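For reference, upload.pdb is printed below; it contains PDB, C-alpha atoms.
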ATOM      1  CA  ALA B 586       8.546   4.497   7.806
ATOM      2  CA  GLY B 587       6.293   2.012   9.554
ATOM      3  CA  GLY B 588       6.598  -0.827   7.071
ATOM      4  CA  ASN B 589       5.636  -2.135   3.668
ATOM      5  CA  GLU B 590       3.901  -5.291   2.564
ATOM      6  CA  VAL B 591       3.172  -6.554  -0.931
ATOM      7  CA  GLU B 592       0.848  -9.322  -2.134
ATOM      8  CA  PHE B 593       1.415 -10.664  -5.649
ATOM      9  CA  PHE B 594      -1.427 -12.300  -7.563
ATOM     10  CA  LYS B 595      -0.145 -12.629 -11.142
ATOM     11  CA  PRO B 596       3.271 -12.300 -12.741
ATOM     12  CA  MET B 597       4.209  -9.010 -14.383
ATOM     13  CA  ARG B 598       5.921  -9.482 -17.724
ATOM     14  CA  PRO B 599       8.132  -7.196 -19.822
ATOM     15  CA  GLY B 600       5.868  -5.147 -22.078
ATOM     16  CA  ASP B 601       2.893  -5.169 -19.688
ATOM     17  CA  LYS B 602       1.200  -1.833 -19.099
ATOM     18  CA  ILE B 603       0.814  -1.554 -15.315
ATOM     19  CA  THR B 604      -1.596   0.926 -13.748
ATOM     20  CA  ARG B 605      -1.511   1.931 -10.070
ATOM     21  CA  VAL B 606      -4.501   3.262  -8.137
ATOM     22  CA  SER B 607      -3.742   4.525  -4.631
ATOM     23  CA  LYS B 608      -5.936   5.387  -1.675
ATOM     24  CA  LEU B 609      -5.579   6.306   1.979
ATOM     25  CA  ALA B 610      -6.811   3.062   3.534
ATOM     26  CA  ASN B 611      -6.498   3.928   7.240
ATOM     27  CA  ILE B 612      -5.335   6.618   9.644
ATOM     28  CA  TYR B 613      -5.059   6.151  13.393
ATOM     29  CA  GLU B 614      -3.235   7.430  16.488
ATOM     30  CA  LYS B 615      -1.230   5.653  19.179
ATOM     31  CA  ASP B 616       0.691   6.837  22.207
ATOM     32  CA  GLY B 617       4.429   6.263  21.863
ATOM     33  CA  ARG B 618       7.368   6.839  24.193
ATOM     34  CA  SER B 619       7.935  10.285  22.695
ATOM     35  CA  GLY B 620       4.236  11.265  22.591
ATOM     36  CA  ARG B 621       1.288  10.833  20.269
ATOM     37  CA  LEU B 622       1.988   9.184  16.896
ATOM     38  CA  VAL B 623      -0.153   9.265  13.763
ATOM     39  CA  PHE B 624      -0.097   6.219  11.473
ATOM     40  CA  THR B 625      -1.215   6.469   7.839
ATOM     41  CA  VAL B 626      -1.738   3.379   5.713
ATOM     42  CA  TYR B 627      -1.807   3.782   1.929
ATOM     43  CA  GLU B 628      -2.958   0.977  -0.341
ATOM     44  CA  HIS B 629      -1.721   0.752  -3.923
ATOM     45  CA  LYS B 630      -3.471  -1.616  -6.343
ATOM     46  CA  TYR B 631      -1.661  -2.608  -9.538
ATOM     47  CA  THR B 632      -3.480  -3.938 -12.592
ATOM     48  CA  ASN B 633      -2.224  -4.998 -16.012
ATOM     49  CA  GLN B 634      -3.506  -4.006 -19.450
ATOM     50  CA  ASP B 635      -6.219  -6.684 -19.228
ATOM     51  CA  GLY B 636      -7.561  -5.277 -15.958
ATOM     52  CA  ASP B 637      -6.197  -8.209 -13.947
ATOM     53  CA  LEU B 638      -5.069  -7.427 -10.412
ATOM     54  CA  VAL B 639      -1.351  -8.242 -10.253
ATOM     55  CA  ALA B 640      -0.371  -6.836  -6.844
ATOM     56  CA  ILE B 641      -1.478  -4.875  -3.789
ATOM     57  CA  ALA B 642       1.066  -2.918  -1.753
ATOM     58  CA  ARG B 643       0.376  -1.391   1.664
ATOM     59  CA  GLN B 644       2.667   1.315   2.984
ATOM     60  CA  THR B 645       2.541   2.571   6.577
ATOM     61  CA  GLY B 646       3.923   5.959   7.553
ATOM     62  CA  ILE B 647       4.440   7.326  11.058
ATOM     63  CA  SER B 648       4.471  10.987  12.048
ATOM     64  CA  ARG B 649       4.121  13.086  15.192
TER      65      ARG B 649
END
As a first step, turn the structure in this file into structure tokens.
Amino acid sequence: AGGNEVEFFKPMRPGDKITRVSKLANIYEKDGRSGRLVFTVYEHKYTNQDGDLVAIARQTGISR
């Protein structure tokens, strides 16, 4: 796990229908102490039943 970050734009309320759309936002390599590392960044966008953006989450993974 390389980290997570979340931005909130609107409150989510009980009863809301939340939809998530995910995409691979970035992939890159770096040299680490143990060799080459591959970083993948996924972006998840959350919208409510009205189509309003309520949050964006970015999740970074690290692999060799």
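Neighbouring residues of B:Lys602 at 12 Å or closer, counting all atoms listed in the file and skipping chain neighbours under 5 positions away, are B:Met597, B:Tyr631, B:Thr632, B:Asn633, B:Gln634, B:Asp635, B:Gly636, B:Asp637, B:Val639.
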**OP:** Could you jot down the atom CA of B:Lys615 to atom CA of B:Gly587 separation for me, Å, one decimal place?
**Re:** 12.7 Å
Original post:
To one decimal place, how far is atom CA of B:Ala642 from atom CA of B:Lys630 in Å?
Top reply: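 Computing it gives 6.6 Å between the two atoms.
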Original post:
If we count all atoms listed in the file, what is near B:Glu614 at a cut-off of 10 Å, once residues fewer than 5 positions away on the same chain are taken out, given as a ChimeraX atom specification?
Top reply: /B:621-625,647-649
Original post:
Using only C-alpha atoms, which residue out of B:Gly646, B:Ser619, B:Leu638, B:Val591 lies closest to B:Val606?
Top reply: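 Looking only at the distances to B:Val606, the closest residue turns out to be B:Leu638.
In this structure, atom CA of B:Ile641 sits 18.8 Å away from atom CA of B:Pro599.
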